[in-house]
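K.L.:
Quick one: this structure, given as structure tokens, is what I'll be asking you about.
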Amino acid sequence: MTGTAGMAGAGHAARPGIDSRAIWRIAGPMILSNLSVAALGAVDTGVAGHLGSAHSLAAAAIGGQLLSYFIWCCGFLRMGTTGLSAGAAGRGNGPEGAAVLARGLALALGLSALLGLVLGIALPLLLGLFGPAPAVRDLAAGYVLIRLTGLPAALGMLVLVGWFVGRGEARLPLTMILATNLVNAGLDLLLALHIGLGLDGLAIASAVADWTGCLIGLAAALRTLARERTPRPDGKALLDWQAIARMARINGDIFVRTLLLIGGFALFMSLAGRLGTTQLAATALLLTFFSMASQGLDGMAYAAESLAGRALAAGDLAGFDRAVRMTGLWTGMLGLLTALIFALAGPTLIAALTDLAEVRRAAGDLLPYVVVLPLIAWVCFWLDGVFIGVTWSGAMRDAMLIAFAIHLGPALLLPDMMGADGLWIAFLGLFAARGLAMAGWYLARRRRLSPQPQRPSI
């Protein structure tokens with residue numbers, strides 16, 4: 001599946017073998033890496049919670065959330081690179097694959113400088129949106145400014161992970177992410193607790209860990225290109241304006257889609273807050289269930305990106321269809337398994353996450369909606385993977401636009417009519433509308449594909 005030796009010359013397309021083993025060879029490591037990120041979040045929270053001050057815990061949470069929003073918005077670096085890398089690998093065009101990596105890293109560096117400037121100037125205003133006390137805001141500002149030293153590496157890692165996944169090499173991203181998280185956790189304990197640097201220690205740990213993971217990934221990419229004897233892209237290849245325009249178009253589409261998705265979650269939480277503190281707490285708690293579900297579903301999306309993208313770029317339409325079917329089957333099965341786990345273990349998980357009786361009751365009443373959520377949302381994860389892999393980014397954007405427009409009416413009306421039940425029904429509707437829109441776009445695009453080898457269009 002990942003045999004890419006000799007890809008340096010164009011015209012020797014890599015046709016991946018597509019079966020359950022090939023899918024899990026990509027999905028398994030990516031699920032493990034996702035779970036390690038979730039575990040690191042628990043370590044960060046636990047260390048911050050032992051710094052002796054609620055202000056430190058709140059500052060770490062607010063500062064980390066702010067940075068997470070910005071990095072999430074830059075997710076197009078990972079997704080766009082995956083699709084372009086898969087296309088180059090499928091066509092056997094090693095030099096173009098190297099150029100994709102170089103352009104992505106250059107974009108990540110430029111974006112990190114721009115975001116660093118924006119955050120440096122607007123940080124007090126942005127932190128004020130969270131409504132913290134002045135002491136918390138000051139601590140959070142210091143935390144963010146230290147973390148910004150690792151932003152170029154964090155964005156660079158998005159590009160490197162996308163490049164490796166596009167080629168079907170999931171073990172290297174797993175190594176990068178595990179190394180990042182292990183260094184982060186170890187330095188959290190050493191710097192924040194043992195040496196006594198407190199919140200600054202947490203921030204330094206994150207920045208050092210980001211650079212560790214990025215440098216590991218960069219070294220692995222350079223070794224891979226050297227092993228395949230891929231020539232370094234020259235200035236002409238790097239400044240291929242047609243390729244740059246295509247990358248910009250793909251990244252722009254994914255950026256719009258991501259903003260709308262973030263907007264859907266932000267609206268959901270904002271409306272939950274209007275229903276009272278208890279409902280807000282219950283909603284936030286139940287969203288951790290969705291975060292857990294997304295770890296597995298995202299892993300399958302990575303497999304769909306790589307296998308479908310490389311197959312279509314190689315002109316293997318039968319392989320493309322098989323990749324779509326097989327990844328869809330496994331993603332649906334994971335969605336069903338997740339729903340069963342939530343149905344059976346949901347009350348126990350709620351009790352483990354909070355000891356507040358009123359929040360437990362509210363979350364228990366809403367648990368059926370969380371059980372249904374992965375049964376609907378798996379379609380979005382699966383087709384996101386397919387669309388990213390074949391660079392149908394415009395269809396991703398348009399499907400999200402349609403779903404968000406459909407969602408707005410129920411989201412604004414149903415909570416007033418039905419309370420928290422209406423809020424969750426509208427939230428489920430967002431994923432249902434998006435899944436249906438993406439399915440319609442997929443069927444339309446698939447009908448237009450020729451059985452002859454063809455480069456996927458955007």
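Labels for the structure tokens follow display order: chains A, B, ..., residues from 1 in each chain, ligands from 1.
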Which residues are close to A:Ser33, i.e. within 8 Å by only C-alpha atoms, leaving aside same-chain residues fewer than 2 positions away? Reply as a ChimeraX atom specification.
P.N.:
/A:29-31,35-37,173-174,177-178
K.L.:
Report as a PyMOL selection string all protein, DNA and RNA residues lying within 12 Å of A:Leu280, evaluated on only C-alpha atoms, omitting residues in the same chain fewer than 6 positions from it.
P.N.:
chain A and resi 268-274+286-287+358-359+362-363+366+419-420+423
K.L.:
Counting only C-alpha atoms, which residues of stretch 353-436 of chain A fall within 8 Å of stretch 239-250 of chain A, and what is the closest atom pair for each with its distance in Å at one decimal, ordered by chain and rising number, as JSON lines?
P.N.:
```
{"residue": "A:Thr391", "atom": "CA", "partner": "A:Ile250", "partner_atom": "CA", "distance": 6.9}
{"residue": "A:Ser393", "atom": "CA", "partner": "A:Ile250", "partner_atom": "CA", "distance": 5.5}
{"residue": "A:Gly394", "atom": "CA", "partner": "A:Ile250", "partner_atom": "CA", "distance": 7.3}
```
K.L.:
Return as CSV the residues of stretch 167-283 of chain A lying at most 12 Å from stretch 67-73 of chain A, together with the closest atom-to-atom pair for each and the distance in Å to one decimal, counting only C-alpha atoms, with rows in chain order and ascending residue number.
P.N.:
```
residue,atom,partner,partner_atom,distance
A:Ala203,CA,A:Leu67,CA,11.5
A:Ser206,CA,A:Leu67,CA,11.6
A:Asn251,CA,A:Cys73,CA,10.6
A:Gly252,CA,A:Cys73,CA,10.8
A:Asp253,CA,A:Cys73,CA,11.8
A:Ile254,CA,A:Cys73,CA,9.1
A:Phe255,CA,A:Cys73,CA,6.4
A:Val256,CA,A:Cys73,CA,8.9
A:Arg257,CA,A:Cys73,CA,9.5
A:Thr258,CA,A:Cys73,CA,6.2
A:Leu259,CA,A:Cys73,CA,6.6
A:Leu260,CA,A:Cys73,CA,10.1
A:Leu261,CA,A:Cys73,CA,9.8
A:Ile262,CA,A:Tyr69,CA,8.3
A:Gly263,CA,A:Tyr69,CA,10.9
A:Phe265,CA,A:Tyr69,CA,11.5
A:Ala266,CA,A:Tyr69,CA,10.8
```
K.L.:
For the residues selected in the previous step, produce a file with N, CA, C and O atoms as an mmCIF file, in the first residue's frame.
P.N.:
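File written: out_24.cif
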```
data_model
loop_
_atom_site.group_PDB
_atom_site.id
_atom_site.type_symbol
_atom_site.label_atom_id
_atom_site.label_comp_id
_atom_site.auth_asym_id
_atom_site.auth_seq_id
_atom_site.Cartn_x
_atom_site.Cartn_y
_atom_site.Cartn_z
ATOM 1 N N ALA A 203 3.398 26.581 29.313
ATOM 2 C CA ALA A 203 3.522 27.196 27.995
ATOM 3 C C ALA A 203 4.839 26.834 27.325
ATOM 4 O O ALA A 203 4.886 26.513 26.134
ATOM 5 N N SER A 206 4.736 23.265 25.986
ATOM 6 C CA SER A 206 3.989 23.128 24.731
ATOM 7 C C SER A 206 4.809 23.608 23.542
ATOM 8 O O SER A 206 4.833 22.960 22.490
ATOM 9 N N ASN A 251 -7.197 25.619 -0.294
ATOM 10 C CA ASN A 251 -7.089 26.061 1.091
ATOM 11 C C ASN A 251 -8.169 27.071 1.447
ATOM 12 O O ASN A 251 -8.707 27.060 2.562
ATOM 13 N N GLY A 252 -8.490 27.957 0.508
ATOM 14 C CA GLY A 252 -9.547 28.934 0.762
ATOM 15 C C GLY A 252 -10.898 28.273 0.958
ATOM 16 O O GLY A 252 -11.666 28.646 1.857
ATOM 17 N N ASP A 253 -11.201 27.285 0.122
ATOM 18 C CA ASP A 253 -12.471 26.562 0.260
ATOM 19 C C ASP A 253 -12.563 25.876 1.624
ATOM 20 O O ASP A 253 -13.598 25.937 2.296
ATOM 21 N N ILE A 254 -11.484 25.201 2.017
ATOM 22 C CA ILE A 254 -11.489 24.474 3.288
ATOM 23 C C ILE A 254 -11.559 25.456 4.462
ATOM 24 O O ILE A 254 -12.208 25.180 5.474
ATOM 25 N N PHE A 255 -10.919 26.614 4.317
ATOM 26 C CA PHE A 255 -10.970 27.621 5.371
ATOM 27 C C PHE A 255 -12.405 28.104 5.597
ATOM 28 O O PHE A 255 -12.859 28.214 6.742
ATOM 29 N N VAL A 256 -13.126 28.376 4.510
ATOM 30 C CA VAL A 256 -14.523 28.805 4.632
ATOM 31 C C VAL A 256 -15.357 27.714 5.287
ATOM 32 O O VAL A 256 -16.162 27.971 6.191
ATOM 33 N N ARG A 257 -15.156 26.481 4.844
ATOM 34 C CA ARG A 257 -15.894 25.355 5.437
ATOM 35 C C ARG A 257 -15.618 25.241 6.925
ATOM 36 O O ARG A 257 -16.522 25.034 7.739
ATOM 37 N N THR A 258 -14.336 25.417 7.323
ATOM 38 C CA THR A 258 -13.969 25.289 8.730
ATOM 39 C C THR A 258 -14.568 26.415 9.564
ATOM 40 O O THR A 258 -15.055 26.189 10.677
ATOM 41 N N LEU A 259 -14.541 27.634 9.033
ATOM 42 C CA LEU A 259 -15.149 28.751 9.750
ATOM 43 C C LEU A 259 -16.636 28.510 10.003
ATOM 44 O O LEU A 259 -17.156 28.805 11.086
ATOM 45 N N LEU A 260 -17.334 28.002 9.000
ATOM 46 C CA LEU A 260 -18.757 27.727 9.162
ATOM 47 C C LEU A 260 -18.989 26.624 10.190
ATOM 48 O O LEU A 260 -19.939 26.685 10.980
ATOM 49 N N LEU A 261 -18.121 25.617 10.189
ATOM 50 C CA LEU A 261 -18.255 24.536 11.160
ATOM 51 C C LEU A 261 -18.012 25.062 12.574
ATOM 52 O O LEU A 261 -18.771 24.736 13.507
ATOM 53 N N ILE A 262 -16.979 25.879 12.740
ATOM 54 C CA ILE A 262 -16.736 26.495 14.042
ATOM 55 C C ILE A 262 -17.920 27.363 14.438
ATOM 56 O O ILE A 262 -18.348 27.375 15.599
ATOM 57 N N GLY A 263 -18.482 28.084 13.450
ATOM 58 C CA GLY A 263 -19.648 28.908 13.728
ATOM 59 C C GLY A 263 -20.829 28.099 14.213
ATOM 60 O O GLY A 263 -21.567 28.533 15.111
ATOM 61 N N PHE A 265 -20.696 25.250 15.922
ATOM 62 C CA PHE A 265 -20.433 24.866 17.316
ATOM 63 C C PHE A 265 -20.555 26.068 18.249
ATOM 64 O O PHE A 265 -21.080 25.951 19.359
ATOM 65 N N ALA A 266 -20.054 27.229 17.802
ATOM 66 C CA ALA A 266 -20.145 28.421 18.643
ATOM 67 C C ALA A 266 -21.597 28.815 18.875
ATOM 68 O O ALA A 266 -21.986 29.179 20.000
#
```
K.L.:
Report, in Å to a single decimal, how far apart atom CA of A:Asn184 and atom CA of A:Phe289 are.
P.N.:
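Separation between atom CA of A:Phe289 and atom CA of A:Asn184: 24.2 Å.
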K.L.:
List every residue of stretch 61-93 of chain A that DSSP, applied to the backbone, labels as alpha helix (DSSP H), and write the result as a list of chain:residue names.
P.N.:
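Taking stretch 61-93 of chain A and keeping alpha helix (DSSP H) only, one gets A:Ala61, A:Ile62, A:Gly63, A:Gly64, A:Gln65, A:Leu66, A:Leu67, A:Ser68, A:Tyr69, A:Phe70, A:Ile71, A:Trp72, A:Cys73, A:Phe76, A:Leu77, A:Arg78, A:Met79, A:Gly80, A:Thr81, A:Thr82, A:Gly83, A:Leu84, A:Ser85, A:Ala86, A:Gly87, A:Ala88, A:Ala89, A:Gly90.
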K.L.:
With N, CA, C and O atoms retained, export the selected residues as a short mmCIF file (atom, residue, chain, number, x, y, z; two decimals), in the first residue's frame.
P.N.:
```cif
data_model
loop_
_atom_site.label_atom_id
_atom_site.label_comp_id
_atom_site.auth_asym_id
_atom_site.auth_seq_id
_atom_site.Cartn_x
_atom_site.Cartn_y
_atom_site.Cartn_z
N ALA A 61 -6.87 27.28 30.48
CA ALA A 61 -8.01 26.85 29.68
C ALA A 61 -8.36 27.90 28.62
O ALA A 61 -8.57 27.58 27.44
N ILE A 62 -8.38 29.18 29.03
CA ILE A 62 -8.76 30.24 28.10
C ILE A 62 -7.67 30.44 27.04
O ILE A 62 -7.95 30.52 25.83
N GLY A 63 -6.41 30.51 27.46
CA GLY A 63 -5.32 30.69 26.51
C GLY A 63 -5.22 29.54 25.53
O GLY A 63 -5.03 29.73 24.32
N GLY A 64 -5.34 28.31 26.05
CA GLY A 64 -5.28 27.14 25.18
C GLY A 64 -6.43 27.10 24.21
O GLY A 64 -6.26 26.74 23.03
N GLN A 65 -7.64 27.49 24.65
CA GLN A 65 -8.80 27.48 23.78
C GLN A 65 -8.64 28.50 22.66
O GLN A 65 -8.98 28.24 21.50
N LEU A 66 -8.13 29.69 23.01
CA LEU A 66 -7.93 30.73 21.99
C LEU A 66 -6.96 30.25 20.91
O LEU A 66 -7.24 30.38 19.70
N LEU A 67 -5.84 29.67 21.31
CA LEU A 67 -4.88 29.16 20.34
C LEU A 67 -5.47 28.02 19.52
O LEU A 67 -5.22 27.89 18.32
N SER A 68 -6.28 27.18 20.17
CA SER A 68 -6.90 26.06 19.48
C SER A 68 -7.81 26.54 18.36
O SER A 68 -7.85 25.94 17.28
N TYR A 69 -8.55 27.63 18.60
CA TYR A 69 -9.42 28.16 17.56
C TYR A 69 -8.61 28.60 16.35
O TYR A 69 -8.97 28.33 15.19
N PHE A 70 -7.50 29.29 16.60
CA PHE A 70 -6.68 29.76 15.48
C PHE A 70 -6.06 28.59 14.72
O PHE A 70 -6.02 28.59 13.49
N ILE A 71 -5.55 27.60 15.45
CA ILE A 71 -4.94 26.45 14.78
C ILE A 71 -5.99 25.64 14.04
O ILE A 71 -5.75 25.13 12.93
N TRP A 72 -7.20 25.51 14.62
CA TRP A 72 -8.29 24.81 13.94
C TRP A 72 -8.62 25.52 12.63
O TRP A 72 -8.85 24.88 11.59
N CYS A 73 -8.63 26.85 12.64
CA CYS A 73 -8.90 27.59 11.41
C CYS A 73 -7.84 27.33 10.35
O CYS A 73 -8.10 27.47 9.15
N PHE A 76 -6.79 23.81 7.13
CA PHE A 76 -6.64 23.63 5.68
C PHE A 76 -5.21 23.29 5.31
O PHE A 76 -4.96 22.69 4.26
N LEU A 77 -4.25 23.68 6.16
CA LEU A 77 -2.86 23.33 5.87
C LEU A 77 -2.68 21.82 5.82
O LEU A 77 -1.97 21.28 4.96
N ARG A 78 -3.32 21.12 6.75
CA ARG A 78 -3.23 19.67 6.78
C ARG A 78 -4.08 19.05 5.67
O ARG A 78 -3.61 18.22 4.89
N MET A 79 -5.33 19.48 5.56
CA MET A 79 -6.26 18.85 4.62
C MET A 79 -5.89 19.14 3.17
O MET A 79 -5.91 18.25 2.31
N GLY A 80 -5.54 20.39 2.87
CA GLY A 80 -5.15 20.72 1.51
C GLY A 80 -3.88 20.00 1.09
O GLY A 80 -3.77 19.51 -0.04
N THR A 81 -2.92 19.91 1.99
CA THR A 81 -1.68 19.20 1.68
C THR A 81 -1.93 17.72 1.45
O THR A 81 -1.31 17.10 0.57
N THR A 82 -2.85 17.13 2.23
CA THR A 82 -3.15 15.71 2.05
C THR A 82 -3.64 15.43 0.64
O THR A 82 -3.18 14.51 -0.04
N GLY A 83 -4.62 16.22 0.18
CA GLY A 83 -5.16 15.99 -1.15
C GLY A 83 -4.13 16.17 -2.25
O GLY A 83 -4.03 15.35 -3.18
N LEU A 84 -3.33 17.22 -2.17
CA LEU A 84 -2.31 17.46 -3.19
C LEU A 84 -1.21 16.41 -3.13
O LEU A 84 -0.70 15.97 -4.17
N SER A 85 -0.83 15.98 -1.91
CA SER A 85 0.18 14.94 -1.77
C SER A 85 -0.33 13.60 -2.31
O SER A 85 0.41 12.87 -2.98
N ALA A 86 -1.59 13.28 -2.03
CA ALA A 86 -2.17 12.03 -2.55
C ALA A 86 -2.22 12.05 -4.06
O ALA A 86 -1.93 11.03 -4.72
N GLY A 87 -2.55 13.20 -4.65
CA GLY A 87 -2.58 13.30 -6.11
C GLY A 87 -1.22 13.10 -6.72
O GLY A 87 -1.06 12.37 -7.71
N ALA A 88 -0.19 13.73 -6.14
CA ALA A 88 1.17 13.56 -6.66
C ALA A 88 1.64 12.12 -6.52
O ALA A 88 2.26 11.56 -7.42
N ALA A 89 1.31 11.49 -5.37
CA ALA A 89 1.71 10.09 -5.16
C ALA A 89 0.98 9.18 -6.13
O ALA A 89 1.56 8.24 -6.68
N GLY A 90 -0.31 9.42 -6.34
CA GLY A 90 -1.08 8.58 -7.25
C GLY A 90 -0.57 8.66 -8.68
O GLY A 90 -0.61 7.67 -9.42
#
```
K.L.:
Need the shell around A:Leu127: protein/DNA/RNA residues with any atom at most 12 Å away, counting only C-alpha atoms. Skip same-chain ones fewer than 2 positions apart. Format as a PyMOL selection string?
P.N.:
chain A and resi 58-67+119-125+129-144
K.L.:
Write the residues of the preceding selection, restricted to N, CA, C and O atoms, as a CSV table (one decimal), in the first residue's frame.
P.N.:
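New file selection_4.csv:
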```
chain,number,residue,atom,x,y,z
A,58,ALA,N,-7.9,28.5,35.0
A,58,ALA,CA,-8.7,29.2,34.1
A,58,ALA,C,-7.9,29.9,33.0
A,58,ALA,O,-8.3,29.9,31.8
A,59,ALA,N,-6.7,30.4,33.3
A,59,ALA,CA,-5.9,31.1,32.3
A,59,ALA,C,-5.4,30.1,31.3
A,59,ALA,O,-5.4,30.4,30.1
A,60,ALA,N,-5.0,28.9,31.8
A,60,ALA,CA,-4.5,27.8,30.8
A,60,ALA,C,-5.6,27.4,29.9
A,60,ALA,O,-5.4,27.2,28.7
A,61,ALA,N,-6.9,27.3,30.5
A,61,ALA,CA,-8.0,26.9,29.7
A,61,ALA,C,-8.4,27.9,28.6
A,61,ALA,O,-8.6,27.6,27.4
A,62,ILE,N,-8.4,29.2,29.0
A,62,ILE,CA,-8.8,30.2,28.1
A,62,ILE,C,-7.7,30.4,27.0
A,62,ILE,O,-8.0,30.5,25.8
A,63,GLY,N,-6.4,30.5,27.5
A,63,GLY,CA,-5.3,30.7,26.5
A,63,GLY,C,-5.2,29.5,25.5
A,63,GLY,O,-5.0,29.7,24.3
A,64,GLY,N,-5.3,28.3,26.1
A,64,GLY,CA,-5.3,27.1,25.2
A,64,GLY,C,-6.4,27.1,24.2
A,64,GLY,O,-6.3,26.7,23.0
A,65,GLN,N,-7.6,27.5,24.7
A,65,GLN,CA,-8.8,27.5,23.8
A,65,GLN,C,-8.6,28.5,22.7
A,65,GLN,O,-9.0,28.2,21.5
A,66,LEU,N,-8.1,29.7,23.0
A,66,LEU,CA,-7.9,30.7,22.0
A,66,LEU,C,-7.0,30.2,20.9
A,66,LEU,O,-7.2,30.4,19.7
A,67,LEU,N,-5.8,29.7,21.3
A,67,LEU,CA,-4.9,29.2,20.3
A,67,LEU,C,-5.5,28.0,19.5
A,67,LEU,O,-5.2,27.9,18.3
A,119,LEU,N,-2.3,38.2,16.9
A,119,LEU,CA,-2.5,37.8,18.3
A,119,LEU,C,-1.7,38.8,19.2
A,119,LEU,O,-2.2,39.2,20.3
A,120,GLY,N,-0.5,39.2,18.8
A,120,GLY,CA,0.2,40.1,19.7
A,120,GLY,C,-0.4,41.4,19.8
A,120,GLY,O,-0.4,42.0,20.9
A,121,ILE,N,-1.1,41.9,18.8
A,121,ILE,CA,-1.8,43.2,18.8
A,121,ILE,C,-3.2,43.1,19.5
A,121,ILE,O,-3.5,43.9,20.3
A,122,ALA,N,-3.9,42.1,19.1
A,122,ALA,CA,-5.3,42.0,19.5
A,122,ALA,C,-5.6,41.1,20.7
A,122,ALA,O,-6.7,40.8,21.1
A,123,LEU,N,-4.5,40.6,21.4
A,123,LEU,CA,-4.6,39.6,22.4
A,123,LEU,C,-5.5,40.1,23.6
A,123,LEU,O,-6.4,39.4,24.0
A,124,PRO,N,-5.4,41.3,24.1
A,124,PRO,CA,-6.2,41.8,25.2
A,124,PRO,C,-7.7,41.7,24.8
A,124,PRO,O,-8.6,41.3,25.6
A,125,LEU,N,-8.0,42.2,23.6
A,125,LEU,CA,-9.4,42.2,23.1
A,125,LEU,C,-9.9,40.8,23.0
A,125,LEU,O,-11.1,40.5,23.4
A,129,LEU,N,-13.1,38.6,25.3
A,129,LEU,CA,-14.3,38.0,24.8
A,129,LEU,C,-14.7,36.8,25.7
A,129,LEU,O,-15.9,36.4,25.7
A,130,PHE,N,-13.7,36.2,26.4
A,130,PHE,CA,-14.0,35.1,27.3
A,130,PHE,C,-14.6,35.6,28.6
A,130,PHE,O,-15.0,34.8,29.4
A,131,GLY,N,-14.5,36.9,28.9
A,131,GLY,CA,-15.0,37.5,30.1
A,131,GLY,C,-14.3,37.1,31.4
A,131,GLY,O,-15.0,37.0,32.4
A,132,PRO,N,-13.0,36.9,31.4
A,132,PRO,CA,-12.3,36.5,32.6
A,132,PRO,C,-12.0,37.7,33.5
A,132,PRO,O,-12.1,38.9,33.1
A,133,ALA,N,-11.7,37.4,34.8
A,133,ALA,CA,-11.3,38.5,35.7
A,133,ALA,C,-9.9,39.0,35.2
A,133,ALA,O,-9.2,38.3,34.5
A,134,PRO,N,-9.6,40.3,35.6
A,134,PRO,CA,-8.3,40.9,35.1
A,134,PRO,C,-7.1,40.0,35.5
A,134,PRO,O,-6.2,39.9,34.6
A,135,ALA,N,-7.1,39.4,36.6
A,135,ALA,CA,-5.9,38.6,37.0
A,135,ALA,C,-5.8,37.4,36.1
A,135,ALA,O,-4.7,37.0,35.7
A,136,VAL,N,-6.9,36.8,35.8
A,136,VAL,CA,-6.9,35.6,34.8
A,136,VAL,C,-6.5,36.1,33.4
A,136,VAL,O,-5.7,35.4,32.8
A,137,ARG,N,-7.0,37.2,33.0
A,137,ARG,CA,-6.7,37.7,31.7
A,137,ARG,C,-5.2,38.0,31.5
A,137,ARG,O,-4.6,37.6,30.5
A,138,ASP,N,-4.6,38.5,32.6
A,138,ASP,CA,-3.1,38.8,32.5
A,138,ASP,C,-2.3,37.5,32.5
A,138,ASP,O,-1.3,37.4,31.7
A,139,LEU,N,-2.7,36.5,33.3
A,139,LEU,CA,-2.0,35.2,33.2
A,139,LEU,C,-2.2,34.6,31.9
A,139,LEU,O,-1.2,34.0,31.3
A,140,ALA,N,-3.4,34.6,31.3
A,140,ALA,CA,-3.6,34.0,30.0
A,140,ALA,C,-2.8,34.7,28.9
A,140,ALA,O,-2.3,34.0,28.0
A,141,ALA,N,-2.7,36.0,29.0
A,141,ALA,CA,-1.9,36.7,28.0
A,141,ALA,C,-0.4,36.2,28.0
A,141,ALA,O,0.2,36.0,27.0
A,142,GLY,N,0.2,36.1,29.2
A,142,GLY,CA,1.5,35.6,29.3
A,142,GLY,C,1.7,34.2,28.8
A,142,GLY,O,2.6,33.9,28.1
A,143,TYR,N,0.7,33.4,29.1
A,143,TYR,CA,0.7,32.0,28.6
A,143,TYR,C,0.7,32.0,27.1
A,143,TYR,O,1.5,31.2,26.4
A,144,VAL,N,-0.2,32.7,26.4
A,144,VAL,CA,-0.3,32.7,25.0
A,144,VAL,C,0.9,33.3,24.3
A,144,VAL,O,1.4,32.7,23.3
```
K.L.:
For a test of reading the model, state the distance in Å between atom CA of A:Asn93 and atom CA of A:Leu317, rounded to one decimal.
P.N.:
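Interatomic distance here is 18.7 Å.
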K.L.:
Would you mind listing what lies within 12 Å of A:Gly196 as an MDAnalysis selection string, with only C-alpha atoms counted and same-chain residues fewer than 3 positions away left out?
P.N.:
chainID A and resid 47:48 50:52 187:193 199:202
